[in-house]
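Here is the structure we will look at, set down as structure tokens.
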Number of protein chains: 2
Amino acid sequence: MRILTDTLKRLTDEKWINLFEVEYRQPSGNVAKWQFASRKAKPKFGSGPLAPDAVFIVPLLATPAGPRLVMTREFRVPLGDYEHSFPAGLRDGDETIEETVRRELAEETGLALTRIGTTSPPVIASAGLSDESAAIVFVDCEGEPHTRNTEQSEDIEILLLDFDETCRLRKSSEKFSAKAWLVLLLFESLGRLAWPACWK
Amino acid sequence: MRILTDTLKRLTDEKWINLFEVEYRQPSGNVAKWQFASRKAKPKFGSGPLAPDAVFIVPLLATPAGPRLVMTREFRVPLGDYEHSFPAGLRDGDETIEETVRRELAEETGLALTRIGTTSPPVIASAGLSDESAAIVFVDCEGEPHTRNTEQSEDIEILLLDFDETCRLRKSSEKFSAKAWLVLLLFESLGRLAWPACWK
């Protein structure tokens with residue numbers, strides 16, 4: 001498969017996201033078109049490394065009553081409804097992953113990053129639809145959660161869940177981000193809220 | 001937060017995916033605009049249940065040498081590169097989840113579905129970007145893998161991985177779908193390729 005990169009066309013002229021079309025040559029030799037969404041001014045094709053568009057933060061907070069998973073219940077305009085997920089956000093300019101994690105965690109939850117743990121490479125949310133990628137970052141944090149720092153466009157509630165609550169939530173019929181549902185399933189499978197020893 | 005649904009505008013006129021814009025009222029009373037991508041002719045907003053656009057299949061194949069995780073390495077046009085993921089695809093018309101799973105598994109891997117296990121509700125890939133949702137379905141399957149049934153637009157290699165290979169792949173710098181990377185991390189954390197007893 002090969003992208004005919006000089007056929008790339010931007011079909012819209014928006015600030016945060018655009019629709020693009022590009023032609024590609026199939027293994028048979030046929031040339032076909034693909035439309036996709038991108039947050040980039042000019043999508044890059046090829047085998048080079050990705051720069052993550054966003055971070056997706058999975059925070060554990062130590063409390064006197066035991067560890068709590070810090071989740072969000074956030075209104076998402078494309079759904080017109082609330083989604084259960086984790087603190088997350090787009091990178092500003094050339095921020096490092098750690099800088100974005102620290103900023104978004106503080107903005108969305110009021111909590112302070114204390115340690116960055118296992119971090120994914122930039123992983124793609126839905127590669128048929130978009131080149132959008134995010135680093136998934138497991139972190140420890142401290143402080144008292146609040147939402148006084150959220151932006152005006154954000155409608156976010158913070159959930160501090162113990163292990164039993166994460167299991168009940170995973171089995172519920174709430175709306176979840178795909179990543180969040182899998183993180184809940186991961187902790188349920190482990191049987192506790194703690195970073196697995198094998199991740200170190 | 002409230003969507004002003006009668007402001008919904010489709011900004012493009014494509015077959016598989018379009019860009020939309022809608023106005024919404026922020027908690028402060030301000031009205032703002034949001035652009036997002038959707039595969040739907042007319043996105044639905046609100047608290048009703050989602051119908052999944054797609055399925056994302058995590059198959060285990062029993063072999064004489066032990067269980068193997070069935071992954072894909074597929075060329076994705078928006079990346080212009082290969083992505084490590086799992087068999088997946090869009091629902092055709094009003095297919096049930098099981099019908100889509102059976103069809104996509106056969107098309108992309110040549111394997112036959114034998115059992116549907118844990119299944120997520122429709123989960124959202126990237127809710128700021130799109131309303132696209134998928135059911136994540138853990139399955140058992142049988143047969144000899146092959147790619148003779150793939151569509152002309154698909155360039156897919158099948159990987160049959162044992163536990164050690166899944167752990168090595170998770171730590172590599174390959175490109176992954178977000179869901180696939182988390183599934184690999186889940187099995188790595190469990191220490192084996194098997195469905196956790198607690199899922200039953």
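Labeling convention for the structure tokens: chains A, B, ... as they appear, residues from 1 per chain, ligands from 1 in order of appearance.
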Can you tell me which residues surround Thr63 of chain B at a distance of at most 12 Å, considering only C-alpha atoms, apart from same-chain residues fewer than 2 positions away, and format the answer as a compact mmCIF listing (two decimals) with C-alpha atoms, in the first residue's frame?
```
# COMPACT_ATOMS: atom_id res chain seq x y z
CA LEU B 60 -7.65 -16.10 21.57
CA LEU B 61 -6.85 -19.15 19.44
CA ALA B 65 1.56 -25.17 21.39
CA GLY B 66 -0.70 -23.17 23.73
CA PRO B 67 -2.98 -20.13 23.43
CA ARG B 68 -2.17 -17.48 20.86
CA LEU B 69 -3.39 -13.88 20.75
CA VAL B 70 -4.57 -13.05 17.21
CA ASP B 140 -12.48 -17.63 21.31
CA CYS B 141 -12.00 -18.86 17.77
CA GLU B 142 -10.76 -21.84 15.75
CA GLY B 143 -9.25 -22.62 12.36
CA GLU B 144 -6.16 -21.83 10.32
CA PRO B 145 -5.52 -18.12 9.92
CA LEU B 160 -0.24 -15.20 16.32
CA LEU B 161 1.54 -14.27 19.53
CA ASP B 162 2.40 -16.28 22.61
```
#### Entry: Who sits within 8 Å of segment 174-187 of chain A, only C-alpha atoms, same chain under 2 positions skipped, as a VMD selection string
(chain A and resid 82 to 86 163 166 to 167 169 to 170 172 189 to 194) or (chain B and resid 120 to 127 134 178 to 179 182 to 183 186 189)
#### Entry: chain B: residues DSSP assigns to helix (DSSP H, G or I), reported as a ChimeraX atom specification
/B:97-109,163-170,178-190,197-199
### Task
Apply DSSP to the structure's backbone, then extract all residues of segment 5-196 of chain B labelled strand (DSSP E) and return them as a VMD selection string.
chain B and resid 5 to 10 18 to 25 31 to 38 54 to 63 66 to 76 81 to 85 88 to 90 112 to 119 123 to 124 133 to 142 156 to 161
#### Entry: Non-local contacts of Phe36 of chain A (12 Å; only C-alpha atoms; under 6 positions in same chain excluded) as a PyMOL selection string
(chain A and resi 8-12+17-23+43+126-132) or (chain B and resi 12+14-19+36-39+76-80+129-130)
